[in-house]
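Trainee: Following this message is one structure expressed as structure tokens.
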Amino acid sequence: MMWTSLQLAFFRFAAGGKIPPTWFEPDLPPNPERASKTGRLSLEVVSHCWNYSHFLVYQLSSLVLFPPHQLHVTMTVFYSPEDTKTQELLDFFNTIETPNVTWNWQPVAKQALFRRSIGRNRAALATKADWVWFTDCDLMFRESCLDQLSDHLQGRRDALLFPDEERTTDLLAEDNPMLNATQEGPSVLDIDTSSFSSRQITKATGPLQIAHGDVCRAVGYCRNIGIYQQPVDNFAKCHEDRAFRWLLQSQGTPLTLPGVYRIRHIAKGRYSGNDTHNKIRERLRIWQSRRRDRKENEGVSS
């Protein structure tokens, strides 16, 4: 336990830029060696889900309701069959044929699912897509999002990109109707967008990391950092997002994209433990979110 904590602390420190990223990833392909593709591109979206089927339904529905026209999307979801509600949801969407979308369900042991970078690394090394969007299952790709992304990607070689704006809800409680819409079983669901507000993004954070396919195939997702590729018994905090930016030597290049929506929520379905600890987590999450929102509002108004 102590050794694991020391390793995690070391890589959090390293990802702050204090240590050369080439020590841990020497194979990042230089810009001229990356393909500069134009025309009809391919994108792999990599998501993961544990006890979040009530969010994943909106992500998958967004692809059905607003299918891309100018590029092909492979929608990859890592999940554990032990999560029966997610399995039921994926079985349902597997029966829906959507233009320019291929469903790709990846069952894994829950211990591998609990370390998000394991699935991301597997997908990155195996992808055949021109670009890969690493995201979370509470994000949606609504009207014109993916087609305008295709326009932006024409001829680019950037290692890492991100949308400079997303629209989010306030932190929703568990009894919010939006989070209980699947109680009668899986279905294609739309949302009322009036409850979302705009947030400015300044770097390629965890659900908003769009990486070049050649980069992904060469370096994976933190592939050489052993601690980030080890299964765990409980859901691990996702510090590897920051390490990925460090290894790619980029905070990401911003893109102006419409239709990027995300549901924010108080309760973390991925957490286990007693009710007291979970309540403390929820209160801390509310405080952190409000503090972050205040900082973002001050930055926009200054």
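Starting from 1 in every chain, residues are counted up; chains themselves are A, B, ... following the order of the structure tokens, and ligands are numbered from 1 as listed.
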A:Ile96: which residues within 12 Å, counting only C-alpha atoms, same-chain residues fewer than 6 positions away excluded, as a list in words?
Mentor: Leu60, Ser61, Leu63, Val64, Leu65, Leu89, Leu90, Thr102, Trp103, Pro186, Ser187 and Val188 of chain A
Trainee: Quick one: contact table of stretch 158-187 of chain A to stretch 224-248 of chain A, 12 Å max, nearest atom pair and distance in Å to one decimal per residue, counting only C-alpha atoms, chain and number order, as JSON lines?
Mentor:
```
{"residue": "A:Asp158", "atom": "CA", "partner": "A:Leu248", "partner_atom": "CA", "distance": 10.0}
{"residue": "A:Ala159", "atom": "CA", "partner": "A:Leu248", "partner_atom": "CA", "distance": 6.6}
{"residue": "A:Leu160", "atom": "CA", "partner": "A:Leu248", "partner_atom": "CA", "distance": 7.4}
{"residue": "A:Leu161", "atom": "CA", "partner": "A:Arg245", "partner_atom": "CA", "distance": 10.3}
{"residue": "A:Phe162", "atom": "CA", "partner": "A:Arg245", "partner_atom": "CA", "distance": 11.4}
```
Trainee: How about saving the chosen residues, C-alpha atoms kept, as a CSV table (one decimal), in the first residue's frame?
Mentor:
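To be explicit, this is the file written out as part_2.csv:
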```csv
chain,number,residue,atom,x,y,z
A,158,ASP,CA,-1.8,17.6,-33.5
A,159,ALA,CA,-1.1,15.0,-30.8
A,160,LEU,CA,-4.0,16.2,-28.7
A,161,LEU,CA,-7.1,18.3,-29.2
A,162,PHE,CA,-10.1,19.3,-27.1
```
Trainee: Would you pick out the contacts of stretch 253-264 of chain A at 8 Å or less, using only C-alpha atoms, so that residues sharing its chain but fewer than 3 positions from it are not included, and give the list as a ChimeraX atom specification?
Mentor: /A:55,138-145,148-149,152,158,160-172,196,202-204,250
Trainee: Write the selection just made, keeping C-alpha atoms, as a JSON list (two decimals), in the first residue's frame?
Mentor:
```
[["chain", "number", "residue", "atom", "x", "y", "z"],
["A", 55, "PHE", "CA", -25.77, 8.23, -18.00],
["A", 138, "ASP", "CA", -21.84, 11.14, -19.04],
["A", 139, "LEU", "CA", -20.81, 13.07, -22.19],
["A", 140, "MET", "CA", -23.09, 13.48, -25.25],
["A", 141, "PHE", "CA", -22.35, 14.28, -28.90],
["A", 142, "ARG", "CA", -25.36, 16.27, -29.99],
["A", 143, "GLU", "CA", -26.34, 18.08, -33.18],
["A", 144, "SER", "CA", -23.44, 18.87, -35.59],
["A", 145, "CYS", "CA", -20.79, 17.97, -33.00],
["A", 148, "GLN", "CA", -17.89, 19.84, -37.32],
["A", 149, "LEU", "CA", -15.17, 17.85, -35.59],
["A", 152, "HIS", "CA", -11.59, 20.60, -37.87],
["A", 158, "ASP", "CA", -1.79, 17.61, -33.54],
["A", 160, "LEU", "CA", -3.97, 16.17, -28.69],
["A", 161, "LEU", "CA", -7.09, 18.32, -29.20],
["A", 162, "PHE", "CA", -10.10, 19.28, -27.08],
["A", 163, "PRO", "CA", -13.40, 21.17, -27.40],
["A", 164, "ASP", "CA", -13.05, 24.62, -25.87],
["A", 165, "GLU", "CA", -16.60, 24.60, -24.54],
["A", 166, "GLU", "CA", -19.03, 22.12, -23.05],
["A", 167, "ARG", "CA", -22.55, 22.53, -21.82],
["A", 168, "THR", "CA", -23.27, 20.99, -18.43],
["A", 169, "THR", "CA", -26.01, 20.61, -15.86],
["A", 170, "ASP", "CA", -25.70, 21.64, -12.25],
["A", 171, "LEU", "CA", -24.84, 18.78, -9.93],
["A", 172, "LEU", "CA", -27.94, 16.59, -10.11],
["A", 196, "PHE", "CA", -27.51, 23.08, -19.43],
["A", 202, "THR", "CA", -8.73, 25.34, -21.19],
["A", 203, "LYS", "CA", -7.05, 21.93, -21.60],
["A", 204, "ALA", "CA", -7.71, 18.36, -22.66],
["A", 250, "SER", "CA", 0.74, 18.93, -24.90]]
```
Trainee: So the first atom is atom CA of A:Gln87 and the second is atom CA of A:Val45; what is the distance between them in Å, to one decimal place?
Mentor: 18.4 Å
Trainee: Using only C-alpha atoms, find the one residue out of A:His54, A:Arg199, A:Arg34, A:His69 that sits nearest to A:Gly155.
Mentor: A:Arg34
Trainee: Report the residues of stretch 14-193 of chain A whose backbone DSSP state falls under alpha helix (DSSP H), written as a ChimeraX atom specification.
Mentor: /A:53-65,84-93,110-113,116-126,145-153
Trainee: From the DSSP assignment of the backbone, select every residue of stretch 91-216 of chain A that is strand (DSSP E), and format the answer as a PyMOL selection string.
Mentor: chain A and resi 101-107+131-134+139-141+160-163+165-168+197-200+209-212
Trainee: Go ahead and save the picked residues with N, CA and C atoms, as a CSV table (one decimal), in the first residue's frame.
Mentor:
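Saved file result_28.csv follows:
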```
chain,number,residue,atom,x,y,z
A,101,VAL,N,-22.1,4.5,-37.7
A,101,VAL,CA,-21.7,4.2,-36.3
A,101,VAL,C,-21.6,2.7,-36.2
A,102,THR,N,-20.5,2.2,-35.6
A,102,THR,CA,-20.3,0.8,-35.3
A,102,THR,C,-20.2,0.7,-33.7
A,103,TRP,N,-21.1,-0.2,-33.2
A,103,TRP,CA,-21.0,-0.4,-31.7
A,103,TRP,C,-19.9,-1.4,-31.4
A,104,ASN,N,-19.1,-1.2,-30.4
A,104,ASN,CA,-18.0,-2.0,-30.0
A,104,ASN,C,-17.9,-2.2,-28.5
A,105,TRP,N,-18.6,-3.2,-28.0
A,105,TRP,CA,-18.6,-3.5,-26.5
A,105,TRP,C,-17.4,-4.3,-26.1
A,106,GLN,N,-16.8,-3.9,-25.1
A,106,GLN,CA,-15.6,-4.6,-24.6
A,106,GLN,C,-15.7,-5.0,-23.1
A,107,PRO,N,-16.2,-6.2,-22.9
A,107,PRO,CA,-16.3,-6.7,-21.5
A,107,PRO,C,-15.0,-7.0,-20.9
A,131,TRP,N,-8.5,9.2,-35.6
A,131,TRP,CA,-8.5,9.9,-34.3
A,131,TRP,C,-9.2,9.1,-33.2
A,132,VAL,N,-8.9,9.4,-32.0
A,132,VAL,CA,-9.5,8.7,-30.9
A,132,VAL,C,-10.0,9.8,-29.8
A,133,TRP,N,-11.3,9.7,-29.5
A,133,TRP,CA,-11.8,10.6,-28.4
A,133,TRP,C,-12.0,9.8,-27.2
A,134,PHE,N,-11.1,10.0,-26.2
A,134,PHE,CA,-11.3,9.4,-24.9
A,134,PHE,C,-12.2,10.2,-24.0
A,139,LEU,N,-21.0,12.1,-21.1
A,139,LEU,CA,-20.8,13.1,-22.2
A,139,LEU,C,-21.7,12.7,-23.4
A,140,MET,N,-22.3,13.7,-24.1
A,140,MET,CA,-23.1,13.5,-25.2
A,140,MET,C,-22.5,14.2,-26.4
A,141,PHE,N,-22.8,13.7,-27.6
A,141,PHE,CA,-22.4,14.3,-28.9
A,141,PHE,C,-23.6,14.7,-29.7
A,160,LEU,N,-2.8,16.2,-29.6
A,160,LEU,CA,-4.0,16.2,-28.7
A,160,LEU,C,-4.8,17.4,-28.9
A,161,LEU,N,-6.1,17.2,-29.0
A,161,LEU,CA,-7.1,18.3,-29.2
A,161,LEU,C,-8.2,18.2,-28.1
A,162,PHE,N,-9.0,19.3,-28.0
A,162,PHE,CA,-10.1,19.3,-27.1
A,162,PHE,C,-11.1,20.4,-27.5
A,163,PRO,N,-12.4,20.1,-27.2
A,163,PRO,CA,-13.4,21.2,-27.4
A,163,PRO,C,-13.2,22.3,-26.4
A,165,GLU,N,-15.4,24.3,-25.3
A,165,GLU,CA,-16.6,24.6,-24.5
A,165,GLU,C,-17.4,23.3,-24.4
A,166,GLU,N,-18.0,23.2,-23.2
A,166,GLU,CA,-19.0,22.1,-23.1
A,166,GLU,C,-20.2,22.7,-22.3
A,167,ARG,N,-21.4,22.1,-22.5
A,167,ARG,CA,-22.6,22.5,-21.8
A,167,ARG,C,-22.9,21.5,-20.8
A,168,THR,N,-23.1,21.9,-19.5
A,168,THR,CA,-23.3,21.0,-18.4
A,168,THR,C,-24.5,21.4,-17.6
A,197,SER,N,-25.8,24.8,-19.1
A,197,SER,CA,-25.1,26.1,-19.2
A,197,SER,C,-23.7,25.9,-19.7
A,198,SER,N,-23.2,26.9,-20.3
A,198,SER,CA,-21.8,26.8,-21.0
A,198,SER,C,-20.7,26.9,-20.0
A,199,ARG,N,-19.7,26.1,-20.2
A,199,ARG,CA,-18.4,26.1,-19.4
A,199,ARG,C,-17.3,26.2,-20.4
A,200,GLN,N,-16.3,27.1,-20.1
A,200,GLN,CA,-15.1,27.2,-21.0
A,200,GLN,C,-14.1,26.2,-20.5
A,209,GLN,N,-10.5,14.4,-24.3
A,209,GLN,CA,-9.1,14.2,-24.9
A,209,GLN,C,-9.3,13.5,-26.3
A,210,ILE,N,-9.0,14.3,-27.3
A,210,ILE,CA,-9.0,13.8,-28.7
A,210,ILE,C,-7.6,13.7,-29.2
A,211,ALA,N,-7.2,12.4,-29.4
A,211,ALA,CA,-5.8,12.2,-29.7
A,211,ALA,C,-5.6,11.6,-31.2
A,212,HIS,N,-4.5,12.0,-31.8
A,212,HIS,CA,-4.2,11.5,-33.1
A,212,HIS,C,-4.0,10.0,-33.1
```
Trainee: From the list A:Gly220, A:Asp214, A:Glu33, A:Ala15, which residue is nearest A:Asn121 when using only C-alpha atoms?
Mentor: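 Using only C-alpha atoms, the shortest distance to A:Asn121 belongs to A:Gly220.
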Trainee: Skipping near chain neighbours, those fewer than 6 positions away, what residues fall within 9 Å of stretch 82-86 of chain A using only C-alpha atoms, listed as a list in words?
Mentor: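 With the cut-off at 9 Å, the set is Cys49, Trp50, Asn51, Tyr52, Ser53, His54, Leu56, Val57, Ala109, Lys110, Gly185 and Pro186 of chain A.
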Trainee: As an exercise, work out the distance from atom CA of A:Ala181 to atom CA of A:Arg120 in Å and give it to one decimal place.
Mentor: 28.6 Å
